[in-house]
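Student: Here it is, the structure in full.
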Amino acid sequence: MINVFLCSFVLGEDDFKTRIINHNFQYFLTAIDYNSGLVYDHILFTPDNDMKIGKYTSPTVIGLWMVLLADVITGDLKIDDFTPDDAWEILSTVIRTLERIPRWKGLFYWYELKESITPTDDRAISAYDNGNLTISMAVAYSALSSTDNELDSDLAERIWRLLIAQEEGWRKFFDERRHLLYGLYKSGKPVRNLWLDRFYTEARNAVIAGILIGKLPKSIWRNLLRERNCPRGEYTLSSGRKIEFLKPYQGAFQAWMSLLFIPEMELSQKLRRMHCNYAQIQIDYALNSEIPLLRSACADPYIQDRYFYEPCVGVFNASEDWVRSDIGSPYATALLYTVYPKISL
């Protein structure tokens, strides 16, 4: 069944991938705040083709941007008309910004990027977002430490100082009674009844960050693997074969985000099987529905005050907060590269 999804490319796979990367990188050149080095959350195009820029950012976006810049600096990623020196200058600016902006015990808020950089009004600290940022910073640190360039080593050292400054913050997220992490802090207190208690989400990143940076007990990881924290489902493929899958909250972005940083496909055969099963279901559904790509949950711009929408297969999710929609994001197709690279392309 998988092989049916493969196609032949006019371009070689590497050339095809390079073209996609260069095309998408134009977003960052358009949506960067050059004073801070940070990138804006989104650009909205109106029906008149005007641009409305979402002038705010999150720890997750900051982290992904840092990894992207580090990959350009080390030569692992080549971008047209954007040199390693360009990337170095911007990453240095990003790090300087992170050293100066308001933080909470080393962890980061969401920020408005307008006349100045200020935390958003709710001043919330998200464990999910900070987990993504912490893991991203660790990846950037590792990449920059591996070069022989003294200037790269200087950036790596500054990132390391930002990482170790997070220890107290991660310890605050620890619920000693449940041995889980709280999901959110507001006004200096954890939001009650909100824990990172679903394994097949970015919670994996936050828990690893808490254990490594906050020196929290490994029991948090074991608790995340308990049966009630790993909701499962069964799906019947068009071939008639039944396969089991783990449920994220809404979609593939949560399920596969960790694969950008952690080689789970190599480290765990059981988790590898679950990643492959999750992918095979989406592919099977897409083929039989004539959908040209794998969709992930996203916001529908035509419906206000709702965020979670149907990914490719609605029954995939632990959350019931989804509606049927023909709106979808290509997150899933891009992240499929971490599971089935050829099929993703």
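A note on labels: chains of the structure tokens are A, B, ... as shown, every chain counts residues from 1, and ligands are counted from 1 in their shown order.
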Please provide the set of residues having any atom within 9 Å of Ser92 in chain A, restricted to only C-alpha atoms, with same-chain residues fewer than 5 positions apart removed, written as a list in words.

Tutor: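 So the residues in contact are Gly37, Ala87, Thr97 and Leu155 of chain A.
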
Student: Could you write those residues out with C-alpha atoms, as a PDB file, in the first residue's frame?

Tutor:
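So out31.pdb came out as:
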```pdb
ATOM      1  CA  GLY A  37      16.148  38.694  15.189  1.00  0.00           C
ATOM      2  CA  ALA A  87      22.656  33.272   9.709  1.00  0.00           C
ATOM      3  CA  THR A  97      17.342  39.241  22.612  1.00  0.00           C
ATOM      4  CA  LEU A 155      27.232  31.369  20.390  1.00  0.00           C
TER       5      LEU A 155
END
```

Student: Using 12 Å as the limit and counting only C-alpha atoms, can you tabulate each residue of range 223-287 of chain A that touches range 112-130 of chain A, with its shortest atom-to-atom distance in Å and the two atoms involved, as a tab-separated table?

Tutor:
```
residue	atom	partner	partner_atom	distance
A:Gln254	CA	A:Tyr128	CA	10.1
A:Met257	CA	A:Tyr128	CA	11.1
A:Ser258	CA	A:Tyr128	CA	11.3
```

Student: Would you mind exporting N, CA and C atoms of the selected residues as a PDB file, in the first residue's frame?

Tutor:
```pdb
ATOM      1  N   GLN A 254       1.527  17.252  16.772  1.00  0.00           N
ATOM      2  CA  GLN A 254       1.825  16.855  18.145  1.00  0.00           C
ATOM      3  C   GLN A 254       2.492  15.484  18.192  1.00  0.00           C
ATOM      4  N   MET A 257       6.225  15.954  16.320  1.00  0.00           N
ATOM      5  CA  MET A 257       7.096  17.102  16.577  1.00  0.00           C
ATOM      6  C   MET A 257       8.433  16.673  17.191  1.00  0.00           C
ATOM      7  N   SER A 258       8.379  15.743  18.134  1.00  0.00           N
ATOM      8  CA  SER A 258       9.602  15.321  18.819  1.00  0.00           C
ATOM      9  C   SER A 258      10.611  14.695  17.875  1.00  0.00           C
TER      10      SER A 258
END
```

Student: Give me every helix (DSSP H, G or I) residue in range 38-195 of chain A, going by DSSP on the backbone, as a VMD selection string.

Tutor: chain A and resid 59 to 74 84 to 100 127 to 145 150 to 164 167 to 172

Student: Please identify all polymer residues within 12 Å of Gly75 in chain A, counting only C-alpha atoms, omitting same-chain residues fewer than 4 positions from it, and present them as a list in words.

Tutor: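 These residues fall inside the cut-off: Leu68, Leu69, Ala70, Asp71, Ile79, Phe82, Thr83, Pro84, Asp85, Ala87, Trp88, Ala143, Leu144, Ser146 and Thr147 of chain A.
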
Student: For the selection just defined, write its residues with N, CA and C atoms to a file, as a short mmCIF file (atom, residue, chain, number, x, y, z; two decimals), in the first residue's frame.

Tutor:
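In the end it all went to selection.cif:
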```cif
data_model
loop_
_atom_site.label_atom_id
_atom_site.label_comp_id
_atom_site.auth_asym_id
_atom_site.auth_seq_id
_atom_site.Cartn_x
_atom_site.Cartn_y
_atom_site.Cartn_z
N LEU A 68 17.02 26.31 12.66
CA LEU A 68 17.18 26.60 11.23
C LEU A 68 18.44 27.42 10.98
N LEU A 69 18.64 28.46 11.80
CA LEU A 69 19.83 29.30 11.64
C LEU A 69 21.11 28.51 11.93
N ALA A 70 21.08 27.68 12.97
CA ALA A 70 22.27 26.88 13.30
C ALA A 70 22.62 25.93 12.16
N ASP A 71 21.60 25.35 11.53
CA ASP A 71 21.85 24.44 10.40
C ASP A 71 22.49 25.16 9.22
N ILE A 79 20.89 27.79 1.76
CA ILE A 79 19.79 28.64 1.32
C ILE A 79 20.33 29.62 0.28
N PHE A 82 21.46 33.50 1.12
CA PHE A 82 21.47 33.64 2.58
C PHE A 82 22.64 32.80 3.08
N THR A 83 23.71 33.47 3.47
CA THR A 83 24.97 32.79 3.76
C THR A 83 25.06 32.36 5.22
N PRO A 84 26.01 31.49 5.55
CA PRO A 84 26.26 31.17 6.95
C PRO A 84 26.58 32.41 7.79
N ASP A 85 27.27 33.38 7.21
CA ASP A 85 27.55 34.62 7.94
C ASP A 85 26.26 35.38 8.24
N ALA A 87 23.33 34.03 8.65
CA ALA A 87 22.66 33.27 9.71
C ALA A 87 23.32 33.52 11.06
N TRP A 88 24.66 33.60 11.07
CA TRP A 88 25.38 33.84 12.32
C TRP A 88 24.98 35.17 12.93
N ALA A 143 24.92 21.59 17.59
CA ALA A 143 25.40 21.85 16.23
C ALA A 143 26.55 22.85 16.23
N LEU A 144 26.40 23.92 16.98
CA LEU A 144 27.43 24.97 16.99
C LEU A 144 28.69 24.52 17.72
N SER A 146 29.95 21.65 17.54
CA SER A 146 30.65 20.64 16.74
C SER A 146 31.58 21.25 15.69
N THR A 147 31.53 22.57 15.51
CA THR A 147 32.40 23.20 14.51
C THR A 147 33.72 23.60 15.16
#
```

Student: What is the distance, in Å and to one decimal place, between CA of Gly63 in chain A and CA of Phe245 in chain A?

Tutor: 28.6 Å

Student: Give me every strand (DSSP E or B) residue in range 27-185 of chain A, going by DSSP on the backbone, as a PyMOL selection string.

Tutor: chain A and resi 32+39+42-45+51-54+56-57+79+82+103-104+107-108+111-113+117-119+124-126+174-175+180-182+184-185

Student: To one decimal in Å, tell me the separation between CA of Tyr111 in chain A and CA of His42 in chain A.

Tutor: 13.4 Å
